[in-house]
>>> print(open('query.cif').read())   # mmCIF, C-alpha atoms
data_model
loop_
_atom_site.label_atom_id
_atom_site.label_comp_id
_atom_site.auth_asym_id
_atom_site.auth_seq_id
_atom_site.Cartn_x
_atom_site.Cartn_y
_atom_site.Cartn_z
CA MET A 1 -43.57 85.08 37.81
CA THR A 2 -41.83 88.43 38.24
CA VAL A 3 -45.11 90.20 37.41
CA VAL A 4 -46.89 88.05 39.99
CA THR A 5 -44.35 88.79 42.71
CA ASP A 6 -44.27 92.53 41.99
CA LEU A 7 -48.06 92.84 42.09
CA ALA A 8 -48.28 90.63 45.18
CA ALA A 9 -45.71 92.87 46.86
CA ARG A 10 -47.65 95.99 45.90
CA ALA A 11 -50.78 94.40 47.36
CA GLY A 12 -48.95 93.92 50.68
CA LEU A 13 -48.78 90.13 50.66
CA PHE A 14 -45.10 89.87 51.53
CA ASP A 15 -45.45 92.46 54.31
CA ALA A 16 -48.30 90.41 55.78
CA VAL A 17 -46.33 87.15 55.56
CA ALA A 18 -43.23 88.81 57.03
CA ALA A 19 -45.21 90.18 59.98
CA ARG A 20 -46.60 86.72 60.72
CA VAL A 21 -43.20 85.00 60.46
CA ALA A 22 -41.63 87.71 62.64
CA ARG A 23 -44.05 86.79 65.44
CA TRP A 24 -43.10 83.11 65.08
CA GLY A 25 -39.45 84.02 65.71
CA ARG A 26 -40.38 85.39 69.19
CA GLY A 27 -37.67 88.02 69.04
CA SER A 28 -34.79 85.67 68.22
CA THR A 29 -33.01 86.58 65.00
CA LEU A 30 -31.44 83.12 64.87
CA ALA A 31 -34.85 81.44 65.13
CA LEU A 32 -36.17 83.80 62.46
CA TRP A 33 -33.27 82.92 60.17
CA GLY A 34 -33.87 79.23 60.85
CA LEU A 35 -37.45 79.61 59.61
CA VAL A 36 -36.11 81.25 56.44
CA VAL A 37 -33.66 78.37 55.94
CA VAL A 38 -36.43 75.77 56.25
CA ALA A 39 -38.70 77.72 53.92
CA GLY A 40 -35.93 78.13 51.35
CA ALA A 41 -34.92 74.48 51.44
CA VAL A 42 -38.50 73.23 51.08
CA SER A 43 -39.33 75.77 48.37
CA THR A 44 -36.26 74.85 46.33
CA ALA A 45 -36.77 71.10 46.68
CA PHE A 46 -40.41 71.11 45.65
CA LEU A 47 -40.88 74.29 43.58
CA SER A 48 -37.46 74.75 41.88
CA LEU A 49 -34.60 77.14 42.43
CA ASP A 50 -36.02 79.84 40.14
CA THR A 51 -39.30 79.92 42.06
CA THR A 52 -37.39 80.31 45.32
CA ALA A 53 -35.34 83.17 43.87
CA VAL A 54 -38.46 84.98 42.67
CA LEU A 55 -41.01 84.23 45.41
CA LEU A 56 -38.95 83.93 48.58
CA THR A 57 -36.52 86.81 48.08
CA PRO A 58 -39.15 89.56 48.58
CA VAL A 59 -40.44 87.80 51.69
CA VAL A 60 -37.04 87.57 53.40
CA VAL A 61 -36.04 91.14 52.54
CA VAL A 62 -39.32 92.54 53.85
CA LEU A 63 -38.99 90.28 56.89
CA ALA A 64 -35.50 91.60 57.69
CA ARG A 65 -36.69 95.17 57.33
CA HIS A 66 -39.75 94.45 59.44
CA VAL A 67 -37.60 93.52 62.44
CA ASP A 68 -34.82 95.99 61.59
CA VAL A 69 -32.01 93.51 60.96
CA ALA A 70 -29.49 93.47 58.11
CA PRO A 71 -31.13 92.07 54.96
CA LEU A 72 -27.87 90.80 53.38
CA PRO A 73 -27.52 87.47 55.27
CA PHE A 74 -31.20 86.74 54.68
CA ALA A 75 -30.86 87.56 50.98
CA LEU A 76 -27.74 85.38 50.64
CA THR A 77 -29.60 82.56 52.39
CA THR A 78 -32.17 82.62 49.62
CA VAL A 79 -29.79 82.55 46.67
CA TRP A 80 -27.41 80.01 48.19
CA LEU A 81 -30.26 77.67 49.06
CA ALA A 82 -31.83 78.18 45.64
CA ASN A 83 -28.68 76.90 43.96
CA ALA A 84 -26.90 74.56 46.38
CA GLY A 85 -30.16 73.19 47.76
CA SER A 86 -31.47 72.09 44.36
CA LEU A 87 -30.21 68.49 44.39
CA TRP A 88 -33.10 66.85 46.21
CA LEU A 89 -35.76 66.15 43.58
CA PRO A 90 -36.11 66.20 39.78
CA THR A 91 -38.29 69.32 40.01
CA SER A 92 -35.67 71.22 42.01
CA ASN A 93 -33.56 72.11 38.97
CA LEU A 94 -33.80 71.77 35.21
CA THR A 95 -30.43 69.98 35.25
CA ASN A 96 -32.04 67.34 37.48
CA LEU A 97 -34.81 66.80 34.93
CA LEU A 98 -32.21 66.31 32.22
CA ALA A 99 -30.30 63.90 34.46
CA LEU A 100 -33.53 62.04 35.18
CA HIS A 101 -33.81 61.21 31.49
CA ALA A 102 -30.15 60.15 31.36
CA LEU A 103 -30.77 57.84 34.34
CA GLY A 104 -33.64 56.08 32.60
CA ASP A 105 -36.51 58.11 34.09
CA PRO A 106 -36.58 56.75 37.65
CA SER A 107 -39.30 57.87 40.04
CA PRO A 108 -38.72 61.03 42.10
CA LEU A 109 -38.21 58.84 45.18
CA ALA A 110 -35.59 56.73 43.39
CA PHE A 111 -33.86 59.92 42.23
CA ALA A 112 -33.85 61.21 45.81
CA ARG A 113 -32.26 57.95 47.00
CA LEU A 114 -29.34 58.68 44.65
CA THR A 115 -28.91 62.31 45.64
CA TRP A 116 -30.03 62.65 49.28
CA ALA A 117 -26.55 62.47 50.85
CA PRO A 118 -24.85 65.13 48.67
CA ALA A 119 -28.08 67.13 48.69
CA LEU A 120 -28.04 67.24 52.49
CA VAL A 121 -24.40 68.32 52.58
CA ALA A 122 -24.90 70.92 49.84
CA THR A 123 -27.87 72.38 51.73
CA VAL A 124 -26.20 72.47 55.16
CA VAL A 125 -22.65 73.60 54.36
CA PRO A 126 -23.50 77.02 52.83
CA MET A 127 -25.81 77.74 55.77
CA LEU A 128 -23.06 76.92 58.27
CA VAL A 129 -20.66 79.21 56.39
CA LEU A 130 -23.28 81.94 56.37
CA LEU A 131 -23.88 81.51 60.10
CA VAL A 132 -20.16 81.84 60.81
CA LEU A 133 -19.69 84.86 58.55
CA PHE A 134 -22.74 86.74 59.86
CA ARG A 135 -22.92 85.36 63.39
CA ARG A 136 -23.25 88.80 64.98
CA ALA A 137 -26.14 89.82 62.75
CA LEU A 138 -27.91 86.45 63.09
CA THR A 139 -27.57 85.78 66.82
CA GLY A 140 -29.06 88.93 68.29
CA ARG A 141 -32.51 89.84 69.54
CA HIS A 142 -35.13 92.08 67.99
CA ASP A 143 -38.63 93.36 68.58
CA PRO A 144 -40.96 91.18 66.45
CA GLU A 145 -43.50 94.01 66.35
CA GLN A 146 -41.01 96.76 65.65
CA ARG A 147 -42.52 98.09 62.42
CA PRO A 148 -46.21 99.04 62.35
CA PRO A 149 -48.37 97.34 59.72
CA GLU A 150 -48.62 99.10 56.36
CA PRO A 151 -52.06 100.36 55.24
CA TYR A 152 -52.89 98.26 52.18
CA ASP A 153 -56.09 97.72 50.23
CA PRO A 154 -57.63 94.71 52.04
CA VAL A 155 -59.39 93.48 48.89
CA LEU A 156 -56.17 93.38 46.87
CA LEU A 157 -54.35 91.78 49.79
CA ARG A 158 -56.88 88.93 49.99
CA ILE A 159 -56.87 88.41 46.21
CA ALA A 160 -53.07 88.28 46.14
CA GLY A 161 -53.01 85.82 49.04
CA VAL A 162 -55.49 83.45 47.40
CA THR A 163 -53.79 83.73 44.00
CA VAL A 164 -50.29 82.94 45.26
CA THR A 165 -51.61 80.16 47.52
CA LEU A 166 -53.24 78.46 44.52
CA LEU A 167 -50.24 79.17 42.30
CA VAL A 168 -47.73 77.26 44.45
CA PRO A 169 -49.31 73.77 44.01
CA ALA A 170 -50.09 74.55 40.37
CA LEU A 171 -46.37 75.04 39.70
CA VAL A 172 -45.67 71.41 40.66
CA SER A 173 -48.86 69.90 39.25
CA GLY A 174 -47.22 68.78 36.02
CA ILE A 175 -48.71 71.61 33.96
CA ASP A 176 -46.22 73.70 32.01
CA VAL A 177 -45.22 76.37 34.55
CA TRP A 178 -45.90 79.27 32.20
CA ILE A 179 -49.63 78.49 32.20
CA PRO A 180 -50.40 78.99 35.93
CA ALA A 181 -47.88 81.86 36.05
CA VAL A 182 -49.64 83.72 33.22
CA VAL A 183 -53.07 83.03 34.74
CA ALA A 184 -51.93 84.33 38.14
CA ALA A 185 -50.41 87.44 36.57
CA ALA A 186 -53.63 88.08 34.62
CA VAL A 187 -55.77 87.66 37.74
CA LEU A 188 -53.67 90.11 39.74
CA ALA A 189 -53.47 92.61 36.89
CA GLY A 190 -57.24 92.43 36.49
CA ALA A 191 -57.72 92.91 40.22
CA PHE A 192 -55.53 96.02 40.23
CA THR A 193 -57.38 97.41 37.22
CA LEU A 194 -60.81 96.86 38.78
CA ARG A 195 -59.75 98.36 42.10
CA GLU A 196 -58.35 101.39 40.29
CA ARG A 197 -61.72 101.94 38.68
CA ALA A 198 -63.56 101.29 41.93
CA THR A 199 -61.34 103.58 44.02
CA PRO A 200 -59.89 106.21 41.67
CA ASP A 201 -58.51 108.21 44.60
CA GLY A 202 -56.45 105.26 45.86
CA HIS A 203 -58.64 104.85 48.98
CA GLY A 204 -57.64 101.82 51.02
CA ALA A 205 -53.92 102.25 50.43
CA PRO A 206 -53.16 105.82 51.57
CA ASP A 207 -49.40 105.40 51.54
CA GLY A 208 -49.38 105.01 47.76
CA ARG A 209 -47.25 101.84 47.72
CA GLY A 210 -48.88 100.06 44.86
CA ALA A 211 -52.20 101.73 45.58
CA PRO A 212 -54.84 100.88 42.96
CA GLY A 213 -55.29 104.56 42.15
CA LYS A 214 -51.62 105.05 41.38
CA PRO A 215 -50.48 104.85 37.74
CA ASP A 216 -47.30 102.92 38.58
CA ALA A 217 -49.11 99.76 39.75
CA LEU A 218 -49.47 98.39 36.21
CA CYS A 219 -46.64 99.37 33.91
CA TRP A 220 -44.15 97.87 31.48
CA SER A 221 -41.40 97.95 34.11
CA LEU A 222 -43.13 95.00 35.82
CA ILE A 223 -41.39 92.84 33.20
CA PRO A 224 -37.64 92.47 33.93
CA TRP A 225 -36.44 93.69 30.53
CA PRO A 226 -32.73 94.06 31.49
CA THR A 227 -32.61 90.49 32.80
CA LEU A 228 -34.33 89.14 29.69
CA VAL A 229 -31.90 90.96 27.40
CA LEU A 230 -28.90 89.81 29.45
CA VAL A 231 -30.00 86.16 29.48
CA SER A 232 -30.71 86.21 25.74
CA GLY A 233 -27.27 87.65 25.08
CA LEU A 234 -25.65 85.05 27.32
CA PHE A 235 -27.27 82.22 25.38
CA VAL A 236 -25.82 83.65 22.16
CA VAL A 237 -22.39 83.79 23.80
CA PHE A 238 -22.77 80.22 25.10
CA GLU A 239 -23.65 78.89 21.65
CA ALA A 240 -20.63 80.64 20.15
CA ALA A 241 -18.38 79.24 22.88
CA HIS A 242 -19.61 75.70 22.26
CA GLY A 243 -19.04 76.17 18.56
CA ALA A 244 -15.47 77.19 19.35
CA GLY A 245 -14.84 73.92 21.16
CA LEU A 246 -15.61 74.74 24.80
CA GLY A 247 -17.76 71.63 25.28
CA ALA A 248 -15.05 69.33 23.91
CA TRP A 249 -12.47 70.96 26.17
CA LEU A 250 -14.67 70.49 29.26
CA ALA A 251 -15.20 66.84 28.34
CA ARG A 252 -11.44 66.24 28.20
CA VAL A 253 -10.96 67.93 31.55
CA ALA A 254 -13.69 65.81 33.23
CA GLY A 255 -11.78 62.55 32.71
CA GLU A 256 -13.32 59.16 33.52
CA GLY A 257 -13.60 56.62 36.37
CA GLU A 258 -15.53 56.44 39.64
CA GLY A 259 -12.80 56.77 42.25
CA THR A 260 -12.90 59.64 44.72
CA ALA A 261 -10.44 61.70 42.67
CA ASP A 262 -12.41 60.99 39.48
CA LEU A 263 -15.70 62.12 41.04
CA LEU A 264 -14.03 65.26 42.38
CA ARG A 265 -12.69 65.94 38.88
CA VAL A 266 -16.16 65.69 37.34
CA ALA A 267 -17.72 67.89 40.03
CA ALA A 268 -14.95 70.49 39.82
CA THR A 269 -15.26 70.61 36.03
CA GLY A 270 -19.00 71.10 36.36
CA MET A 271 -18.49 73.91 38.85
CA LEU A 272 -15.89 75.55 36.61
CA GLY A 273 -18.07 75.23 33.52
CA ALA A 274 -21.14 76.57 35.32
CA ASN A 275 -19.31 79.67 36.53
CA LEU A 276 -17.75 80.22 33.12
CA VAL A 277 -20.78 79.76 30.89
CA ASP A 278 -23.88 78.98 33.05
CA ASN A 279 -24.91 75.72 34.68
CA LEU A 280 -27.27 74.44 31.96
CA PRO A 281 -24.86 74.51 29.00
CA ALA A 282 -22.13 73.18 31.31
CA TYR A 283 -24.33 70.21 32.21
CA LEU A 284 -25.23 69.55 28.58
CA ALA A 285 -21.56 69.66 27.59
CA LEU A 286 -20.49 67.21 30.30
CA GLU A 287 -23.39 64.77 30.54
CA PRO A 288 -22.08 62.56 27.67
CA VAL A 289 -18.81 61.90 29.53
CA THR A 290 -20.38 60.85 32.86
CA GLY A 291 -21.28 57.26 31.95
CA SER A 292 -22.55 56.15 35.39
CA PRO A 293 -25.02 57.29 38.08
CA ALA A 294 -22.22 58.20 40.50
CA ARG A 295 -20.46 60.42 37.95
CA LEU A 296 -23.78 61.94 36.90
CA VAL A 297 -24.64 62.86 40.49
CA ALA A 298 -21.12 64.30 40.90
CA LEU A 299 -21.76 66.43 37.82
CA LEU A 300 -25.06 67.61 39.33
CA VAL A 301 -23.21 68.61 42.48
CA GLY A 302 -20.84 70.72 40.38
CA VAL A 303 -23.47 72.44 38.24
CA ASN A 304 -26.09 72.85 41.00
CA ALA A 305 -24.06 73.64 44.13
CA GLY A 306 -21.13 75.20 42.28
CA PRO A 307 -22.78 78.22 40.56
CA LEU A 308 -22.31 80.54 43.54
CA VAL A 309 -19.48 82.65 42.17
CA THR A 310 -20.32 84.45 38.92
CA PRO A 311 -23.64 86.28 38.39
CA TRP A 312 -24.41 84.41 35.15
CA ALA A 313 -23.68 80.93 36.53
CA SER A 314 -27.38 80.41 37.22
CA LEU A 315 -30.54 82.09 35.98
CA ALA A 316 -31.83 81.94 39.57
CA THR A 317 -29.00 84.24 40.65
CA LEU A 318 -29.93 86.81 38.01
CA LEU A 319 -33.59 86.62 39.01
CA TRP A 320 -32.59 86.98 42.67
CA HIS A 321 -30.52 90.07 41.94
CA ASP A 322 -33.37 91.57 39.92
CA ARG A 323 -35.71 91.07 42.91
CA LEU A 324 -33.20 92.74 45.24
CA THR A 325 -32.76 95.70 42.90
CA ARG A 326 -36.51 96.22 42.75
CA LEU A 327 -36.63 96.08 46.55
CA GLY A 328 -33.88 98.67 46.90
CA VAL A 329 -31.27 96.27 48.28
CA SER A 330 -27.77 96.80 46.90
CA VAL A 331 -25.51 93.77 46.46
CA ARG A 332 -22.15 94.37 44.83
CA TRP A 333 -21.11 91.59 42.49
CA GLY A 334 -17.50 91.84 43.67
CA GLY A 335 -18.46 91.01 47.25
CA TYR A 336 -20.86 88.32 46.09
CA MET A 337 -18.16 86.63 44.02
CA ALA A 338 -15.66 86.79 46.89
CA LEU A 339 -18.09 84.99 49.18
CA GLY A 340 -18.87 82.51 46.40
CA LEU A 341 -15.18 81.68 46.00
CA LEU A 342 -15.20 80.70 49.66
CA VAL A 343 -18.40 78.66 49.87
CA ALA A 344 -18.73 77.05 46.41
CA PRO A 345 -15.49 74.96 46.36
CA LEU A 346 -16.03 73.88 49.98
CA THR A 347 -19.61 72.81 49.31
CA VAL A 348 -18.77 70.94 46.11
CA LEU A 349 -15.80 69.22 47.76
CA LEU A 350 -17.73 67.94 50.79
CA ALA A 351 -20.84 66.97 48.80
CA THR A 352 -18.74 65.01 46.31
CA LEU A 353 -16.86 63.23 49.07
CA THR A 354 -20.26 62.18 50.36
CA ILE A 355 -20.98 60.52 47.02
CA ALA A 356 -17.73 58.60 47.23
CA ALA A 357 -18.48 57.54 50.80
CA THR A 358 -22.02 56.35 50.11
#
>>> encode(input="query.cif", output="structure tokens")
Amino acid sequence: MTVVTDLAARAGLFDAVAARVARWGRGSTLALWGLVVVAGAVSTAFLSLDTTAVLLTPVVVVLARHVDVAPLPFALTTVWLANAGSLWLPTSNLTNLLALHALGDPSPLAFARLTWAPALVATVVPMLVLLVLFRRALTGRHDPEQRPPEPYDPVLLRIAGVTVTLLVPALVSGIDVWIPAVVAAAVLAGAFTLRERATPDGHGAPDGRGAPGKPDALCWSLIPWPTLVLVSGLFVVFEAAHGAGLGAWLARVAGEGEGTADLLRVAATGMLGANLVDNLPAYLALEPVTGSPARLVALLVGVNAGPLVTPWASLATLLWHDRLTRLGVSVRWGGYMALGLLVAPLTVLLATLTIAAT
């Protein structure tokens, strides 16, 4: 997927999408941000949090630059929605798929009936916090046509558009996601190779940004090696931590019962475990001590909406940061964690109270 998004960006797809969305905003930054929120929520619900982190992040960053507004609130919108907004459907998060099995494999609609109330709260609360924190940047006006269109190879642009358009439904078709992702990456890589041979001087993309005649279009750096190494190392650390008794400790902390305080305890333990060791091993460690649908949904709130503090709490966050780095956007982890300490406990608290109320 990272290869697909990089090549699509080099082909100009995200610039084209950003220019179109900028016109829809009609000069209102708040309306533009609202479109991003809707897109992020829908993408996460139906395509998964990781897909949102990889596919939507380049769009919103390019969009912010296109209209000359600060990219940080738009980037945070993506990662917060990717995590906190992943309670809606089984496909939204791998933890949901695991919970689906624990619940006896209900239909997606039946799963949504269990989670819709906390999912709604977990989607809305981070966005309200973001709106308050960045109200000056998000409530101004801008020129929707401020940046002139970039000169891209029109053939590559059309191929990238068709490829990504077909890829999106393929990701939720039931096929293992690696299959359509690899096919899409191969199609785009082949297209770049053929255009390089057809236009060895880079004609059609004179600015050189991913031009087919440039040697940097297809290279090993398309694969996010640092992220892969980091994630692999984290899994080793997680296994060692579980072997040292971390899972048993988390289970004791989670307690039992279905009262409001009990549900808050489960959710808080899930949030703590996710930010300590990653949301997936935290879910696996705590699932055996849930024992009921209400406690299981509370756990999902903790491990889905809670991983907004540490960088390793969610793979989607690492993928998001990798996208930002490739786009030249700097996000300091210290500032990110400070914001997460504000929004994560508040979101988990209110979403869990919703479970108790419904």
>>> closest_residue(input="query.cif", among="A:Leu167, A:Leu138, A:Phe14, A:Thr78", to="Ala185 (chain A)", atoms="only C-alpha atoms")
A:Leu167
>>> residues_around(input="query.cif", residues="region 323-325 of chain A", least_positions_apart="3", cutoff="10 Å", atoms="all atoms listed in the file", output="list of chain:residue names")
A:Thr2, A:Thr5, A:Asp6, A:Ala53, A:Val54, A:Leu55, A:Leu56, A:Thr57, A:Pro58, A:Val61, A:Pro71, A:Leu72, A:Ala75, A:Pro224, A:Thr317, A:Leu318, A:Leu319, A:Trp320, A:Gly328, A:Val329, A:Ser330, A:Val331
>>> resolve_selection(input="query.cif", expression="the PyMOL selection byres ((chain A and resi 127) around 10)", output="ChimeraX atom specification")
/A:34,37,73,76-77,80-81,84,122-126,128-133,343
>>> residues_around(input="query.cif", residues="Trp88 (chain A)", least_positions_apart="6", cutoff="8 Å", atoms="all atoms listed in the file", output="list in words")
Ala45, Ala112, Thr115, Trp116 and Ala119 of chain A
>>> resolve_selection(input="query.cif", expression="the PyMOL selection byres ((chain A and resi 295-297) around 9)", output="JSON, numbers by chain")
{"A": [87, 99, 102, 103, 114, 115, 118, 256, 257, 258, 262, 263, 266, 267, 287, 289, 290, 291, 292, 293, 294, 298, 299, 300, 301, 302, 352, 355]}
>>> residues_around(input="query.cif", residues="region 154-159 of chain A", least_positions_apart="6", cutoff="6 Å", atoms="all atoms listed in the file", output="ChimeraX atom specification")
/A:11-13
>>> axis_aligned_box(input="query.cif", around="region 279-288 of chain A", padding_each_side="4 Å", output="JSON")
{"center_x": -23.9, "center_y": 69.1, "center_z": 31.1, "size_x": 14.8, "size_y": 21.2, "size_z": 15.1}
>>> atom_distance(input="query.cif", atom1="CA of Thr29 (chain A)", atom2="CA of Leu339 (chain A)")
21.8 Å
>>> residues_around(input="query.cif", residues="Leu171 (chain A)", least_positions_apart="3", cutoff="10 Å", atoms="all atoms listed in the file", output="list of chain:residue names")
A:Phe46, A:Leu47, A:Ser48, A:Thr51, A:Thr91, A:Leu166, A:Leu167, A:Val168, A:Gly174, A:Ile175, A:Asp176, A:Val177, A:Trp178, A:Ile179, A:Pro180, A:Ala181
>>> residues_around(input="query.cif", residues="region 309-311 of chain A", least_positions_apart="6", cutoff="9 Å", atoms="all atoms listed in the file", output="list of chain:residue names")
A:Ala274, A:Asn275, A:Leu276, A:Asp278, A:Thr317, A:Leu318, A:His321, A:Trp333, A:Tyr336, A:Met337, A:Ala338, A:Leu339, A:Gly340, A:Leu341, A:Leu342, A:Val343, A:Ala344
>>> closest_residue(input="query.cif", among="A:Ala31, A:Val36, A:Val62, A:Val121", to="Thr139 (chain A)", atoms="only C-alpha atoms")
A:Ala31
>>> closest_residue(input="query.cif", among="A:Ser43, A:Trp312, A:Met271, A:Asp15", to="Arg65 (chain A)", atoms="all atoms listed in the file")
A:Asp15
